[in-house]
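Chemist: I have a structure here, written as structure tokens, and I will follow up with some questions on it.
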Amino acid sequence: MATEAASTSGAAGAGGGGGSWVEGMSADNIKGLVLALSSSFFIGASFIVKKKGLKKAGASGVRAGVGGYSYLYEPLWWAGMITMIVGEVANFAAYAFAPAILVTPLGALSIIISAVLADIMLKEKLHIFGILGCALCVVGSTTIVLHAPQEREIESVAEVWDLATEPAFLFYAAIVLAATFVLIFRFIPQYGQTHIMVYIGVCSLVGSLSVMSVKALGIALKLTFSGMNQLIYPQTWMFTIFVVACIITQMNYLNKALDTFNTAVVSPIYYTMFTSLTILASVIMFKDWDRQNPTQIVTEMCGFVTILSGTFLLHKTKDMVDGLPPTLPIRIPKHDEDGYAAEGIPLRSATEGLPLRSPRAAE
């Protein structure tokens with residue numbers, strides 16, 4: 001019986017991974033995992049390096065928070081920017097090898113990297129509850145990694161296009177686009193400056209579709225580099241156009257959210273909505289859960305909820321000082337000409353923004 005179960009498990013995974021096996025994971029899933037972890041490290045570190053560059057540039061020129069651009073002449077800031085680009089490229093590549101349900105939630109690990117490096121390099125003390133939040137993120141991420149579905153084997157970008165044009169996903173995409181247009185043209189003019197969910201809703205809805213397109217484009221490039229040219233298919237270029245359009249839309253409304261509301265509030269809410277909708281889109285389009293049993297699915301969801309709990313706890317307490325409650329207003333207060341809030345808290349600059357696939361640490 002045990003031998004039969006093992007054989008069944010191996011056959012199920014072999015159809016989805018394409019490669020050798022290590023501890024029950026396919027070669028493709030392992031590659032995607034390594035790339036996602038590398039992405040988290042590079043992006044988490046990039047915010048700290050960029051912030052050190054901003055501080056150094058602000059000490060000898062006009063601060064970015066009040067419209068200065070002296071940081072463009074600071075090598076340290078550019079080092080941080082290059083590090084972030086490397087992280088985003090690794091994240092892009094991860095989607096070509098592993099399911100979105102594995103890659104996307106791991107974005108929370110960059111929060112840990114950022115928090116730990118901030119404690120070491122910027123002397124921003126990590127509160128005990130922040131340490132607990134980091135531990136929860138690690139536990140949740142480990143749970144998802146151990147129970148993530150195997151990547152399905154895809155032979156061409158045309159096959160991905162067929163998945164994207166199935167009735168179930170077309171229905172989801174239609175709902176997402178309709179909701180996005182309603183938010184942009186009906187709710188943003190009236191409630192954009194007062195309700196945080198409006199801007200974040202647009203970013204998250206569009207983001208779920210952009211990740212599916214990024215994954216399709218990543219698969220096309222992976223197949224092309226392996227010798228099966230996918231650039232000759234019009235579907236590849238259609239996915240490319242859609243990726244660009246989605247990224248521009250996300251960048252626009254995420255910047256509006258960061259400019260209007262406190263980053264510590266934007267980040268966990270955006271992470272929750274973006275990741276939840278991305279997982280839903282992936283389950284519908286790539287049918288990730290069709291290759292899993294109910295126990296694995298429930299375990300993955302528990303891991304995701306654990307990551308959410310750690311993310312909220314870490315963001316909620318990152319400005320907390322022992323014995324004092326955190327002061328995190330939702331709206332960013334008006335600032336004076338020095339670029340500081342009335343309470344003396346420096347305003348966060350748009351140059352310290354968030355990546356498009358998930359709201360990693362903002363500092």
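By convention in this document, the chains of the structure tokens carry letters A, B, ... by their order, each chain's residues are numbered from 1, and ligands are numbered from 1 in the order they are shown.
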Which residues of stretch 241-318 of chain A have any atom within 10 Å of an atom in stretch 183-204 of chain A when counting only C-alpha atoms, and what is the closest pair of atoms for each, with the distance in Å to one decimal? Order the rows by chain and rising number and write it as a Markdown table.
Modeler:
```
| residue | atom | partner | partner_atom | distance |
| --- | --- | --- | --- | --- |
| A:Cys246 | CA | A:Cys203 | CA | 8.9 |
| A:Ile247 | CA | A:Cys203 | CA | 9.2 |
| A:Thr249 | CA | A:Cys203 | CA | 7.4 |
| A:Gln250 | CA | A:Cys203 | CA | 4.9 |
| A:Met251 | CA | A:Cys203 | CA | 8.0 |
| A:Asn252 | CA | A:Cys203 | CA | 8.7 |
| A:Tyr253 | CA | A:Tyr199 | CA | 5.7 |
| A:Leu254 | CA | A:Cys203 | CA | 6.3 |
| A:Asn255 | CA | A:Tyr199 | CA | 9.2 |
| A:Lys256 | CA | A:Tyr199 | CA | 7.1 |
| A:Ala257 | CA | A:Tyr199 | CA | 5.7 |
| A:Leu258 | CA | A:Tyr199 | CA | 9.4 |
| A:Asp259 | CA | A:Gln193 | CA | 9.9 |
| A:Thr260 | CA | A:Gln193 | CA | 6.6 |
| A:Phe261 | CA | A:Ile196 | CA | 7.0 |
| A:Asn262 | CA | A:Ile196 | CA | 9.6 |
| A:Val265 | CA | A:Ile196 | CA | 8.8 |
| A:Val266 | CA | A:Ile196 | CA | 7.6 |
| A:Ser267 | CA | A:Ile200 | CA | 9.5 |
| A:Ile269 | CA | A:Ile200 | CA | 7.7 |
| A:Tyr270 | CA | A:Ile200 | CA | 5.9 |
| A:Tyr271 | CA | A:Ser204 | CA | 8.4 |
| A:Thr272 | CA | A:Ser204 | CA | 8.9 |
| A:Met273 | CA | A:Ser204 | CA | 5.8 |
| A:Phe274 | CA | A:Ser204 | CA | 4.3 |
| A:Thr275 | CA | A:Ser204 | CA | 8.0 |
| A:Ser276 | CA | A:Ser204 | CA | 8.8 |
| A:Leu277 | CA | A:Ser204 | CA | 7.0 |
| A:Thr278 | CA | A:Ser204 | CA | 8.2 |
```
Chemist: Write out as a CSV table (one decimal) with N, CA and C atoms, in the first residue's frame the residues lying within 9 Å of A:Ala79, counting only C-alpha atoms and excluding same-chain residues fewer than 3 positions away.
Modeler:
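The new file around_13.csv reads:
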```
chain,number,residue,atom,x,y,z
A,46,SER,N,17.9,46.0,-0.9
A,46,SER,CA,17.9,47.2,-1.7
A,46,SER,C,17.3,48.4,-1.0
A,49,VAL,N,19.9,49.8,1.4
A,49,VAL,CA,21.0,50.4,0.7
A,49,VAL,C,20.5,51.8,0.1
A,50,LYS,N,19.3,51.8,-0.5
A,50,LYS,CA,18.8,53.0,-1.0
A,50,LYS,C,18.5,54.0,0.1
A,53,GLY,N,21.7,55.6,1.0
A,53,GLY,CA,22.1,56.5,0.0
A,53,GLY,C,21.3,57.8,0.0
A,74,GLU,N,24.4,60.0,-6.0
A,74,GLU,CA,24.9,59.2,-4.9
A,74,GLU,C,25.1,57.8,-5.3
A,75,PRO,N,26.3,57.3,-5.4
A,75,PRO,CA,26.6,55.9,-5.9
A,75,PRO,C,25.9,54.8,-5.0
A,76,LEU,N,25.7,55.1,-3.7
A,76,LEU,CA,25.1,54.2,-2.8
A,76,LEU,C,23.6,54.0,-3.2
A,82,ILE,N,20.2,49.1,-8.4
A,82,ILE,CA,20.7,47.9,-9.1
A,82,ILE,C,20.3,46.6,-8.4
A,83,THR,N,20.5,46.7,-7.1
A,83,THR,CA,20.2,45.5,-6.3
A,83,THR,C,18.7,45.1,-6.4
A,84,MET,N,17.8,46.2,-6.4
A,84,MET,CA,16.4,45.9,-6.5
A,84,MET,C,16.1,45.4,-7.9
```
Chemist: A:Ala216: which residues within 7 Å, counting only C-alpha atoms, same-chain residues fewer than 5 positions away excluded, as a list in words?
Modeler: Val157, Val160 and Phe239 of chain A
Chemist: Please save C-alpha atoms of the selected residues as an mmCIF file, in the first residue's frame.
Modeler:
```cif
data_model
loop_
_atom_site.group_PDB
_atom_site.id
_atom_site.type_symbol
_atom_site.label_atom_id
_atom_site.label_comp_id
_atom_site.auth_asym_id
_atom_site.auth_seq_id
_atom_site.Cartn_x
_atom_site.Cartn_y
_atom_site.Cartn_z
ATOM 1 C CA VAL A 157 3.026 29.745 -25.097
ATOM 2 C CA VAL A 160 -0.785 29.141 -21.872
ATOM 3 C CA PHE A 239 1.226 38.874 -23.179
#
```
Chemist: Quick one, how far is atom CA of A:Ile30 from atom CA of A:Lys222?
Modeler: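 Taking atom CA of A:Ile30 as the start and atom CA of A:Lys222 as the end point, the length is 15.3 Å.
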Chemist: With only C-alpha atoms as the counted atoms, please give the residues lying no more than 9 Å from A:Ala168, apart from itself and same-chain residues fewer than 4 positions off, as a PyMOL selection string.
Modeler: chain A and resi 164+172-173+284-285
Chemist: Could you take the residues named above and write them with N, CA and C atoms, as a compact mmCIF listing (two decimals), in the first residue's frame?
Modeler:
```
# COMPACT_ATOMS: atom_id res chain seq x y z
N ALA A 164 -5.60 30.77 -20.69
CA ALA A 164 -6.07 32.13 -20.40
C ALA A 164 -7.41 32.42 -21.08
N TYR A 172 -13.32 35.53 -14.79
CA TYR A 172 -12.57 36.22 -13.74
C TYR A 172 -11.96 37.52 -14.26
N ALA A 173 -11.33 37.46 -15.44
CA ALA A 173 -10.69 38.65 -16.01
C ALA A 173 -11.73 39.74 -16.29
N ILE A 284 -7.46 29.55 -10.79
CA ILE A 284 -8.44 29.49 -11.88
C ILE A 284 -7.76 29.20 -13.22
N MET A 285 -6.67 29.91 -13.49
CA MET A 285 -6.04 29.80 -14.81
C MET A 285 -5.20 28.53 -14.95
```
Chemist: Looking at A:Thr240, A:Leu209, A:Met25, A:Ile131, which one is nearest to A:Leu170, with distances taken over only C-alpha atoms?
Modeler: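 Among A:Thr240, A:Leu209, A:Met25, A:Ile131, it is A:Leu209 that comes nearest to A:Leu170.
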Chemist: For A:Leu308, list every protein, DNA or RNA residue within 9 Å, evaluated using only C-alpha atoms, and leave out those in the same chain fewer than 2 positions away; present the list as a ChimeraX atom specification.
Modeler: /A:108,136-137,140,268,271-272,303-306,310-313
Chemist: Output the selection as a PDB file, in the first residue's frame - N, CA and C atoms for each residue.
Modeler:
```pdb
ATOM      1  N   ALA A 108       6.905  38.103   1.190  1.00  0.00           N
ATOM      2  CA  ALA A 108       6.921  38.615   2.565  1.00  0.00           C
ATOM      3  C   ALA A 108       8.288  38.453   3.219  1.00  0.00           C
ATOM      4  N   LEU A 136       6.763  34.378  12.384  1.00  0.00           N
ATOM      5  CA  LEU A 136       5.512  33.926  11.764  1.00  0.00           C
ATOM      6  C   LEU A 136       5.652  33.865  10.246  1.00  0.00           C
ATOM      7  N   CYS A 137       6.322  34.856   9.653  1.00  0.00           N
ATOM      8  CA  CYS A 137       6.532  34.858   8.201  1.00  0.00           C
ATOM      9  C   CYS A 137       7.350  33.646   7.768  1.00  0.00           C
ATOM     10  N   GLY A 140       5.125  30.465   8.133  1.00  0.00           N
ATOM     11  CA  GLY A 140       4.134  30.422   7.058  1.00  0.00           C
ATOM     12  C   GLY A 140       4.752  30.111   5.712  1.00  0.00           C
ATOM     13  N   PRO A 268       0.957  46.290   4.296  1.00  0.00           N
ATOM     14  CA  PRO A 268       0.294  45.017   4.630  1.00  0.00           C
ATOM     15  C   PRO A 268      -1.045  44.823   3.934  1.00  0.00           C
ATOM     16  N   TYR A 271      -0.257  43.890   0.331  1.00  0.00           N
ATOM     17  CA  TYR A 271       0.269  42.529   0.282  1.00  0.00           C
ATOM     18  C   TYR A 271      -0.867  41.512   0.397  1.00  0.00           C
ATOM     19  N   THR A 272      -1.782  41.753   1.319  1.00  0.00           N
ATOM     20  CA  THR A 272      -2.897  40.826   1.536  1.00  0.00           C
ATOM     21  C   THR A 272      -3.779  40.714   0.298  1.00  0.00           C
ATOM     22  N   GLY A 303      -0.750  28.366   6.011  1.00  0.00           N
ATOM     23  CA  GLY A 303       0.550  29.011   5.876  1.00  0.00           C
ATOM     24  C   GLY A 303       0.427  30.441   5.403  1.00  0.00           C
ATOM     25  N   PHE A 304      -0.490  30.684   4.461  1.00  0.00           N
ATOM     26  CA  PHE A 304      -0.708  32.038   3.949  1.00  0.00           C
ATOM     27  C   PHE A 304      -1.244  32.955   5.043  1.00  0.00           C
ATOM     28  N   VAL A 305      -2.201  32.462   5.828  1.00  0.00           N
ATOM     29  CA  VAL A 305      -2.747  33.263   6.931  1.00  0.00           C
ATOM     30  C   VAL A 305      -1.655  33.562   7.967  1.00  0.00           C
ATOM     31  N   THR A 306      -0.768  32.602   8.200  1.00  0.00           N
ATOM     32  CA  THR A 306       0.338  32.815   9.141  1.00  0.00           C
ATOM     33  C   THR A 306       1.259  33.927   8.646  1.00  0.00           C
ATOM     34  N   GLY A 310       2.062  37.580  10.428  1.00  0.00           N
ATOM     35  CA  GLY A 310       3.407  38.082  10.670  1.00  0.00           C
ATOM     36  C   GLY A 310       3.661  39.413   9.995  1.00  0.00           C
ATOM     37  N   THR A 311       3.143  39.573   8.776  1.00  0.00           N
ATOM     38  CA  THR A 311       3.324  40.830   8.029  1.00  0.00           C
ATOM     39  C   THR A 311       2.651  41.997   8.743  1.00  0.00           C
ATOM     40  N   PHE A 312       1.394  41.806   9.150  1.00  0.00           N
ATOM     41  CA  PHE A 312       0.685  42.873   9.854  1.00  0.00           C
ATOM     42  C   PHE A 312       1.368  43.200  11.180  1.00  0.00           C
ATOM     43  N   LEU A 313       1.797  42.176  11.907  1.00  0.00           N
ATOM     44  CA  LEU A 313       2.438  42.405  13.196  1.00  0.00           C
ATOM     45  C   LEU A 313       3.747  43.161  13.032  1.00  0.00           C
TER      46      LEU A 313
END
```
Chemist: Can you work out which one of A:Ser38, A:Leu314, A:Val206, A:Thr236 has the shortest atom-to-atom distance to A:Phe92, counting only C-alpha atoms?
Modeler: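 Among the listed residues, A:Ser38 lies closest to A:Phe92.
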Chemist: Based on DSSP run over this structure's backbone, return all residues of stretch 44-283 of chain A in alpha helix (DSSP H), as number ranges by chain.
Modeler: A: 44-60, 75-97, 100-103, 109-121, 128-147, 157-164, 167-182, 188-191, 196-225, 234-260, 263-283
Chemist: Using only C-alpha atoms, which of A:Leu231, A:Ala45, A:Leu205, A:Leu37 sits nearest A:Met121?
Modeler: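 Closest candidate: A:Ala45.
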Chemist: Taking into account only C-alpha atoms, which residue in the set A:Ser282, A:Thr165, A:Thr104, A:Ser309 is nearest to A:Arg152?
Modeler: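 Looking only at the distances to A:Arg152, the closest residue turns out to be A:Ser282.
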Chemist: Between atom CA of A:Ala100 and atom CA of A:Pro234, measure the distance and give it in Å to one decimal.
Modeler: 23.7 Å
Chemist: Could you tell me which of A:Tyr95, A:Phe169, A:Phe41, A:Tyr73 comes closest to A:Lys215 if we count only C-alpha atoms?
Modeler: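 Comparing A:Tyr95, A:Phe169, A:Phe41, A:Tyr73 against A:Lys215, the winner is A:Tyr95.
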